[in-house]
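Note: the block below is input03.tsv and it holds TSV, C-alpha atoms and all ligand atoms.
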chain	number	residue	atom	x	y	z
A	614	MET	CA	-3.16	9.88	-24.77
A	615	LEU	CA	-1.66	6.40	-25.01
A	616	LEU	CA	-4.36	5.37	-27.49
A	617	ASN	CA	-3.60	8.41	-29.63
A	618	ARG	CA	0.14	7.86	-29.25
A	619	GLU	CA	0.52	11.34	-27.85
A	620	ARG	CA	3.55	12.31	-25.82
A	621	ILE	CA	2.67	12.30	-22.13
A	622	PRO	CA	4.13	15.28	-20.28
A	623	ASP	CA	6.59	14.46	-17.48
A	624	ASN	CA	4.42	15.86	-14.72
A	625	TYR	CA	1.34	13.76	-15.53
A	626	PHE	CA	0.40	11.12	-13.01
A	627	ALA	CA	-2.45	8.89	-11.94
A	628	ILE	CA	-3.23	7.68	-8.41
A	629	THR	CA	-4.40	4.09	-7.98
A	630	PHE	CA	-5.30	1.88	-5.02
A	631	ASP	CA	-5.53	-1.90	-5.20
A	632	ASP	CA	-8.01	-4.15	-3.36
A	633	GLY	CA	-10.51	-1.50	-2.20
A	634	TYR	CA	-9.74	-1.14	1.50
A	635	GLN	CA	-12.19	0.79	3.66
A	636	ASP	CA	-9.35	3.16	4.63
A	637	ASN	CA	-9.32	4.42	1.03
A	638	TYR	CA	-12.60	6.08	1.96
A	639	ASP	CA	-11.80	6.94	5.58
A	640	ASN	CA	-8.26	8.27	5.15
A	641	ALA	CA	-7.32	8.71	1.51
A	642	TYR	CA	-10.48	10.18	0.04
A	643	PRO	CA	-10.63	13.32	2.27
A	644	ILE	CA	-7.02	14.14	1.36
A	645	LEU	CA	-7.60	13.52	-2.35
A	646	ARG	CA	-10.71	15.70	-2.24
A	647	ASP	CA	-8.90	18.52	-0.45
A	648	CYS	CA	-6.07	18.41	-3.01
A	649	GLY	CA	-8.49	18.29	-5.93
A	650	PHE	CA	-7.30	14.86	-7.08
A	651	THR	CA	-9.23	11.85	-8.21
A	652	ALA	CA	-8.06	8.23	-8.21
A	653	THR	CA	-8.85	4.75	-9.46
A	654	ILE	CA	-9.64	1.97	-6.98
A	655	PHE	CA	-9.37	-1.63	-8.15
A	656	LEU	CA	-12.00	-3.83	-6.53
A	657	VAL	CA	-12.26	-7.58	-5.96
A	658	PRO	CA	-16.06	-8.16	-6.22
A	659	ASP	CA	-16.09	-11.46	-4.30
A	660	ARG	CA	-14.48	-9.77	-1.29
A	661	VAL	CA	-16.29	-6.40	-1.29
A	662	GLY	CA	-17.56	-5.65	2.23
A	663	ALA	CA	-15.42	-8.50	3.65
A	664	THR	CA	-11.71	-8.98	4.37
A	665	PRO	CA	-8.81	-9.82	2.05
A	666	LYS	CA	-8.53	-13.55	2.69
A	667	TRP	CA	-6.56	-14.32	-0.44
A	668	GLU	CA	-3.21	-15.92	-1.22
A	669	GLY	CA	-0.22	-14.07	0.13
A	670	VAL	CA	-2.02	-11.75	2.55
A	671	SER	CA	-0.53	-12.14	6.00
A	672	ASP	CA	-0.46	-8.85	7.88
A	673	ARG	CA	-3.70	-7.44	6.46
A	674	GLN	CA	-6.04	-10.42	6.83
A	675	ASP	CA	-8.43	-8.49	9.06
A	676	PHE	CA	-8.31	-5.15	7.26
A	677	PRO	CA	-11.86	-4.31	6.19
A	678	LEU	CA	-12.59	-3.93	2.50
A	679	MET	CA	-15.15	-1.29	1.51
A	680	SER	CA	-18.78	-2.20	0.94
A	681	TRP	CA	-20.70	-1.57	-2.29
A	682	ASP	CA	-22.44	1.33	-0.52
A	683	VAL	CA	-19.10	3.02	0.16
A	684	ALA	CA	-17.93	2.29	-3.39
A	685	ARG	CA	-21.12	3.90	-4.72
A	686	LYS	CA	-20.55	6.97	-2.54
A	687	LEU	CA	-16.99	7.33	-3.85
A	688	SER	CA	-18.11	6.71	-7.42
A	689	ALA	CA	-20.65	9.53	-7.09
A	690	LYS	CA	-17.82	11.79	-5.93
A	691	GLY	CA	-15.75	11.11	-9.04
A	692	ILE	CA	-13.53	8.23	-7.93
A	693	ASP	CA	-13.08	5.70	-10.74
A	694	PHE	CA	-13.38	1.96	-10.18
A	695	GLY	CA	-11.55	-0.79	-12.00
A	696	SER	CA	-11.31	-4.55	-11.68
A	697	HIS	CA	-8.68	-6.52	-9.76
A	698	THR	CA	-10.30	-9.85	-10.78
A	699	GLN	CA	-13.32	-11.51	-9.17
A	700	THR	CA	-11.39	-13.34	-6.44
A	701	HIS	CA	-7.89	-11.76	-6.40
A	702	ALA	CA	-6.72	-14.72	-8.45
A	703	MET	CA	-3.15	-15.60	-9.29
A	704	LEU	CA	-3.89	-15.51	-13.03
A	705	THR	CA	-0.54	-17.05	-13.98
A	706	LYS	CA	-1.72	-20.33	-12.39
A	707	GLN	CA	-5.06	-20.43	-14.21
A	708	SER	CA	-6.28	-21.77	-17.53
A	709	GLU	CA	-7.27	-19.32	-20.25
A	710	LYS	CA	-10.92	-20.11	-19.58
A	711	GLU	CA	-10.56	-19.37	-15.87
A	712	VAL	CA	-8.72	-16.12	-16.62
A	713	PHE	CA	-11.54	-14.98	-18.93
A	714	LEU	CA	-14.07	-15.80	-16.25
A	715	GLU	CA	-12.18	-13.71	-13.66
A	716	LEU	CA	-11.86	-10.81	-16.10
A	717	GLU	CA	-15.44	-10.88	-17.37
A	718	SER	CA	-17.37	-11.56	-14.19
A	719	SER	CA	-15.52	-8.90	-12.18
A	720	LYS	CA	-16.08	-6.30	-14.92
A	721	ARG	CA	-19.77	-7.16	-15.10
A	722	SER	CA	-20.26	-7.21	-11.29
A	723	ILE	CA	-18.71	-3.77	-10.77
A	724	GLU	CA	-20.61	-2.27	-13.73
A	725	LYS	CA	-23.88	-3.65	-12.42
A	726	LYS	CA	-23.30	-2.44	-8.84
A	727	LEU	CA	-21.98	1.02	-9.73
A	728	GLY	CA	-23.82	1.67	-12.99
A	729	LYS	CA	-20.67	2.79	-14.80
A	730	THR	CA	-18.44	1.22	-17.43
A	731	VAL	CA	-15.32	-0.44	-16.05
A	732	ARG	CA	-12.38	0.38	-18.32
A	733	LEU	CA	-9.34	-0.36	-16.19
A	734	PHE	CA	-7.78	-3.48	-14.72
A	735	ALA	CA	-4.96	-4.13	-12.25
A	736	PHE	CA	-3.20	-7.50	-12.29
A	737	PRO	CA	-3.24	-9.15	-8.84
A	738	TYR	CA	0.32	-9.60	-7.54
A	739	GLU	CA	1.32	-7.25	-10.41
A	740	LYS	CA	1.69	-10.29	-12.66
A	741	ALA	CA	1.12	-8.73	-16.07
A	742	GLU	CA	2.55	-11.64	-18.07
A	743	PRO	CA	2.65	-10.92	-21.84
A	744	THR	CA	0.40	-13.97	-22.44
A	745	LEU	CA	-2.29	-12.48	-20.18
A	746	GLN	CA	-2.28	-8.95	-21.57
A	747	PRO	CA	-4.18	-9.78	-24.81
A	748	LEU	CA	-6.88	-11.54	-22.78
A	749	VAL	CA	-7.45	-8.35	-20.76
A	750	GLU	CA	-7.76	-6.36	-23.98
A	751	LYS	CA	-10.13	-8.95	-25.50
A	752	THR	CA	-12.43	-8.69	-22.47
A	753	GLY	CA	-12.96	-5.03	-23.28
A	754	TYR	CA	-10.64	-3.23	-20.89
A	755	LEU	CA	-8.91	-0.09	-22.10
A	756	ALA	CA	-5.73	-0.47	-20.04
A	757	ALA	CA	-4.19	-2.39	-17.15
A	758	CYS	CA	-1.65	-1.82	-14.39
A	759	GLY	CA	1.20	-4.30	-14.14
A	760	SER	CA	4.79	-4.19	-13.04
A	761	LEU	CA	6.86	-5.68	-15.83
A	762	LEU	CA	9.64	-3.24	-16.60
A	763	TYR	CA	9.55	-4.17	-20.29
A	764	PRO	CA	7.78	-3.72	-22.57
A	765	GLN	CA	5.73	-0.83	-21.27
A	766	ASN	CA	2.37	-0.58	-22.93
A	767	ARG	CA	-1.30	0.05	-22.27
A	768	PHE	CA	-1.74	-3.37	-20.65
A	769	ASN	CA	1.33	-3.11	-18.47
A	770	LEU	CA	1.22	0.36	-16.98
A	771	TRP	CA	4.09	0.51	-14.54
A	772	ARG	CA	3.42	1.88	-11.06
A	773	ALA	CA	5.52	3.11	-8.20
A	774	GLU	CA	4.23	1.41	-5.06
A	775	CYS	CA	4.00	3.90	-2.21
A	776	VAL	CA	3.44	2.63	1.33
A	777	GLY	CA	2.55	4.21	4.67
A	778	SER	CA	6.11	4.07	5.97
A	779	ASP	CA	7.50	6.10	3.04
A	780	SER	CA	8.79	9.55	3.98
A	781	LEU	CA	7.96	12.52	1.80
A	782	ASP	CA	11.48	12.23	0.33
A	783	ASP	CA	10.91	8.53	-0.46
A	784	PHE	CA	7.66	9.47	-2.15
A	785	ARG	CA	9.35	12.24	-4.14
A	786	TYR	CA	12.02	9.78	-5.28
A	787	LYS	CA	9.52	7.04	-6.15
A	788	ILE	CA	7.48	9.24	-8.44
A	789	SER	CA	10.59	10.50	-10.24
A	790	LYS	CA	12.15	8.90	-13.28
A	791	SER	CA	15.31	8.15	-11.27
A	792	TRP	CA	13.47	5.53	-9.24
A	793	ARG	CA	12.39	3.59	-12.29
A	794	ARG	CA	15.95	3.81	-13.57
A	795	SER	CA	17.27	2.50	-10.25
A	796	VAL	CA	14.85	-0.47	-10.37
A	797	ILE	CA	15.95	-1.24	-13.94
A	798	PHE	CA	19.58	-1.04	-12.82
A	799	LYS	CA	18.99	-3.28	-9.81
A	800	TYR	CA	17.14	-6.04	-11.68
A	801	HIS	CA	18.31	-5.78	-15.26
A	802	SER	CA	21.96	-4.75	-15.36
A	803	PRO	CA	24.75	-7.32	-14.83
A	804	PHE	CA	26.24	-5.03	-12.17
A	805	GLY	CA	22.94	-4.77	-10.29
A	806	ARG	CA	22.48	-8.56	-10.47
A	807	ALA	CA	26.02	-9.07	-9.15
A	808	ILE	CA	25.32	-6.79	-6.18
A	809	ARG	CA	22.11	-8.66	-5.37
A	810	PHE	CA	23.94	-12.00	-5.67
A	811	ALA	CA	26.73	-10.79	-3.35
A	812	ARG	CA	24.17	-9.54	-0.79
A	813	ARG	CA	22.41	-12.94	-0.81
A	814	GLN	CA	25.75	-14.70	-0.26
A	815	VAL	CA	26.64	-12.45	2.67
A	816	ARG	CA	23.18	-12.93	4.17
A	817	SER	CA	23.41	-16.71	3.93
A	818	MET	CA	26.91	-16.71	5.47
A	819	VAL	CA	25.73	-14.51	8.35
A	820	GLY	CA	22.72	-16.80	8.73
A	821	ARG	CA	24.92	-19.90	8.94
A	822	SER	CA	27.32	-18.38	11.49
A	823	GLY	CA	24.43	-17.10	13.62
B	901	ZN	ZN	-4.21	-6.85	-4.73
The structure given in the file should be rewritten as structure tokens.
Amino acid sequence: MLLNRERIPDNYFAITFDDGYQDNYDNAYPILRDCGFTATIFLVPDRVGATPKWEGVSDRQDFPLMSWDVARKLSAKGIDFGSHTQTHAMLTKQSEKEVFLELESSKRSIEKKLGKTVRLFAFPYEKAEPTLQPLVEKTGYLAACGSLLYPQNRFNLWRAECVGSDSLDDFRYKISKSWRRSVIFKYHSPFGRAIRFARRQVRSMVGRSG
């Protein structure tokens, strides 16, 4: 629909999971199946069947990532697989050549292991910098998930991150348009920036007195 510049109805959504944790199969898949939903899981080929020992992971270092066998099982059941780079790289710190290598080798590895074309990409750490987006397109991906609020396009599909501690009301709010508006307000309006600045000041004063 994005390619054809069609209007996307308000109640359309896609479900995505980053990193490829084993619990996507154990916990999420049965629920998705029972609800009649499918999803896209973004894999990190170098870490498949291992643990997420990459930059910035602290509390989930020992969480198991699914094996290729599990990925194949899910793929056969209609779950789509995309790339999340070969190594979960911080692409903003890499040269163009290194970025291409991450994009190409991960796409090829997943295609070879699952026997299906990989069309989607998710930027690690959500860093969908405008300089990186054309490289993703050049590698042959159809679209990518990122988190830049502007500009929204095929290579920066904005997502609402939902976590295990969210209540059903939180979830309802996060998938609504009001949540996106509240994020834009918080980070992009002078009033929102002033509130965040004031909160930081209060926190540092409390910190000093404590
Ligand atoms: Zn990730």
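Here atom CA of A:Arg732 is placed at a distance of 10.5 Å from atom CA of A:Thr653.
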Might you pull out every residue within 7 Å of stretch 686-691 of chain A, with all atoms listed in the file counted and same-chain residues fewer than 3 positions away left off, and present them as a compact mmCIF listing (two decimals) with C-alpha atoms, in the frame of the given file?
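around_20.txt was written with the following content:
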# COMPACT_ATOMS: atom_id res chain seq x y z
CA THR A 651 -9.23 11.85 -8.21
CA ASP A 682 -22.44 1.33 -0.52
CA VAL A 683 -19.10 3.02 0.16
Taking all atoms listed in the file and a cut-off of 7 Å, can you tell me which residues surround ligand ZN 901 (chain B), written as a PyMOL selection string?
chain A and resi 631-632+697+701+737-738
Can you measure atom CA of A:Gly753 to atom CA of A:Thr698 for me? One decimal in Å is fine.
13.7 Å
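In this model, the gap between atom CA of A:Ser789 and atom CA of A:Ala735 comes to 21.4 Å.
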Which polymer residues have any atom within 7 Å of an atom of A:Leu733, counting only C-alpha atoms, with same-chain residues fewer than 3 positions away left out, as a PyMOL selection string?
chain A and resi 695-696+754-757
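Residue nearest A:Arg721, chosen from A:Ser791, A:Thr744, A:Thr752, A:Ser708 and counting only C-alpha atoms: A:Thr752.
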Give me, as a ChimeraX atom specification, all polymer residues having an atom no more than 12 Å from A:Ala684, counting only C-alpha atoms and skipping those fewer than 5 positions away in the same chain.
/A:632-639,642,653-658,661-662,678-679,689-695,723-724,726-729
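The shortest atom-to-atom distance to A:Trp681, with all atoms listed in the file taken into account, belongs to A:Ser722 out of A:Gln707, A:Ser780, A:Ser722, A:Gln746.
If only C-alpha atoms are the atoms counted, then among A:Arg793, A:Lys740, A:Arg812, A:Arg660 the closest residue to A:Ser719 is A:Arg660.
Considering only C-alpha atoms, the residue among A:Ala773, A:Phe804, A:Leu761, A:Glu742 positioned nearest to A:Lys790 is A:Ala773.
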Could stretch 649-721 of chain A be written out with C-alpha atoms, as a PDB file, in the first residue's frame, please?
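Saved to result_20.pdb:
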ATOM      1  CA  GLY A 649      -5.349 -15.518  13.590  1.00  0.00           C
ATOM      2  CA  PHE A 650      -2.483 -13.013  13.382  1.00  0.00           C
ATOM      3  CA  THR A 651       0.880 -13.267  11.750  1.00  0.00           C
ATOM      4  CA  ALA A 652       4.007 -11.254  12.567  1.00  0.00           C
ATOM      5  CA  THR A 653       7.487 -10.366  11.379  1.00  0.00           C
ATOM      6  CA  ILE A 654      10.515 -11.381  13.439  1.00  0.00           C
ATOM      7  CA  PHE A 655      13.813  -9.598  12.815  1.00  0.00           C
ATOM      8  CA  LEU A 656      16.774 -11.936  13.221  1.00  0.00           C
ATOM      9  CA  VAL A 657      20.467 -11.355  13.912  1.00  0.00           C
ATOM     10  CA  PRO A 658      22.091 -14.274  11.987  1.00  0.00           C
ATOM     11  CA  ASP A 659      25.377 -14.240  13.941  1.00  0.00           C
ATOM     12  CA  ARG A 660      23.481 -14.752  17.215  1.00  0.00           C
ATOM     13  CA  VAL A 661      20.781 -17.226  16.121  1.00  0.00           C
ATOM     14  CA  GLY A 662      20.647 -20.126  18.595  1.00  0.00           C
ATOM     15  CA  ALA A 663      22.842 -18.173  21.060  1.00  0.00           C
ATOM     16  CA  THR A 664      22.287 -15.240  23.430  1.00  0.00           C
ATOM     17  CA  PRO A 665      22.109 -11.491  22.766  1.00  0.00           C
ATOM     18  CA  LYS A 666      25.626 -10.495  23.757  1.00  0.00           C
ATOM     19  CA  TRP A 667      25.604  -7.179  21.945  1.00  0.00           C
ATOM     20  CA  GLU A 668      26.128  -3.553  22.911  1.00  0.00           C
ATOM     21  CA  GLY A 669      23.576  -2.176  25.328  1.00  0.00           C
ATOM     22  CA  VAL A 670      22.031  -5.460  26.463  1.00  0.00           C
ATOM     23  CA  SER A 671      22.191  -5.677  30.233  1.00  0.00           C
ATOM     24  CA  ASP A 672      19.139  -7.418  31.666  1.00  0.00           C
ATOM     25  CA  ARG A 673      18.629  -9.886  28.811  1.00  0.00           C
ATOM     26  CA  GLN A 674      22.174 -11.184  28.309  1.00  0.00           C
ATOM     27  CA  ASP A 675      21.155 -14.767  29.041  1.00  0.00           C
ATOM     28  CA  PHE A 676      17.827 -14.789  27.230  1.00  0.00           C
ATOM     29  CA  PRO A 677      17.976 -17.523  24.594  1.00  0.00           C
ATOM     30  CA  LEU A 678      17.588 -16.547  20.966  1.00  0.00           C
ATOM     31  CA  MET A 679      15.741 -18.996  18.713  1.00  0.00           C
ATOM     32  CA  SER A 680      17.620 -21.531  16.619  1.00  0.00           C
ATOM     33  CA  TRP A 681      17.378 -21.851  12.830  1.00  0.00           C
ATOM     34  CA  ASP A 682      15.213 -24.945  13.374  1.00  0.00           C
ATOM     35  CA  VAL A 683      12.678 -22.925  15.368  1.00  0.00           C
ATOM     36  CA  ALA A 684      12.816 -20.104  12.807  1.00  0.00           C
ATOM     37  CA  ARG A 685      12.120 -22.632  10.043  1.00  0.00           C
ATOM     38  CA  LYS A 686       9.147 -24.018  11.992  1.00  0.00           C
ATOM     39  CA  LEU A 687       7.699 -20.524  12.429  1.00  0.00           C
ATOM     40  CA  SER A 688       8.400 -19.659   8.805  1.00  0.00           C
ATOM     41  CA  ALA A 689       6.455 -22.743   7.709  1.00  0.00           C
ATOM     42  CA  LYS A 690       3.548 -21.529   9.851  1.00  0.00           C
ATOM     43  CA  GLY A 691       3.415 -18.162   8.091  1.00  0.00           C
ATOM     44  CA  ILE A 692       5.598 -15.991  10.325  1.00  0.00           C
ATOM     45  CA  ASP A 693       7.709 -13.613   8.239  1.00  0.00           C
ATOM     46  CA  PHE A 694      11.408 -13.060   8.891  1.00  0.00           C
ATOM     47  CA  GLY A 695      13.394  -9.905   8.344  1.00  0.00           C
ATOM     48  CA  SER A 696      16.939  -8.781   9.037  1.00  0.00           C
ATOM     49  CA  HIS A 697      18.182  -6.894  12.092  1.00  0.00           C
ATOM     50  CA  THR A 698      21.773  -6.848  10.721  1.00  0.00           C
ATOM     51  CA  GLN A 699      24.322  -9.656  10.898  1.00  0.00           C
ATOM     52  CA  THR A 700      25.691  -8.769  14.349  1.00  0.00           C
ATOM     53  CA  HIS A 701      23.174  -6.288  15.851  1.00  0.00           C
ATOM     54  CA  ALA A 702      25.547  -3.528  14.804  1.00  0.00           C
ATOM     55  CA  MET A 703      25.300   0.112  15.762  1.00  0.00           C
ATOM     56  CA  LEU A 704      25.203   1.182  12.105  1.00  0.00           C
ATOM     57  CA  THR A 705      25.653   4.878  12.914  1.00  0.00           C
ATOM     58  CA  LYS A 706      29.216   4.085  14.045  1.00  0.00           C
ATOM     59  CA  GLN A 707      30.167   2.133  10.915  1.00  0.00           C
ATOM     60  CA  SER A 708      31.587   3.013   7.524  1.00  0.00           C
ATOM     61  CA  GLU A 709      29.371   2.734   4.464  1.00  0.00           C
ATOM     62  CA  LYS A 710      31.213  -0.425   3.453  1.00  0.00           C
ATOM     63  CA  GLU A 711      30.635  -2.032   6.851  1.00  0.00           C
ATOM     64  CA  VAL A 712      26.952  -1.060   6.763  1.00  0.00           C
ATOM     65  CA  PHE A 713      26.528  -2.693   3.340  1.00  0.00           C
ATOM     66  CA  LEU A 714      28.207  -5.829   4.626  1.00  0.00           C
ATOM     67  CA  GLU A 715      25.828  -6.018   7.618  1.00  0.00           C
ATOM     68  CA  LEU A 716      22.809  -5.451   5.366  1.00  0.00           C
ATOM     69  CA  GLU A 717      23.824  -7.855   2.612  1.00  0.00           C
ATOM     70  CA  SER A 718      25.230 -10.752   4.603  1.00  0.00           C
ATOM     71  CA  SER A 719      22.274 -10.867   7.014  1.00  0.00           C
ATOM     72  CA  LYS A 720      19.789 -10.822   4.126  1.00  0.00           C
ATOM     73  CA  ARG A 721      21.658 -13.605   2.353  1.00  0.00           C
TER      74      ARG A 721
END
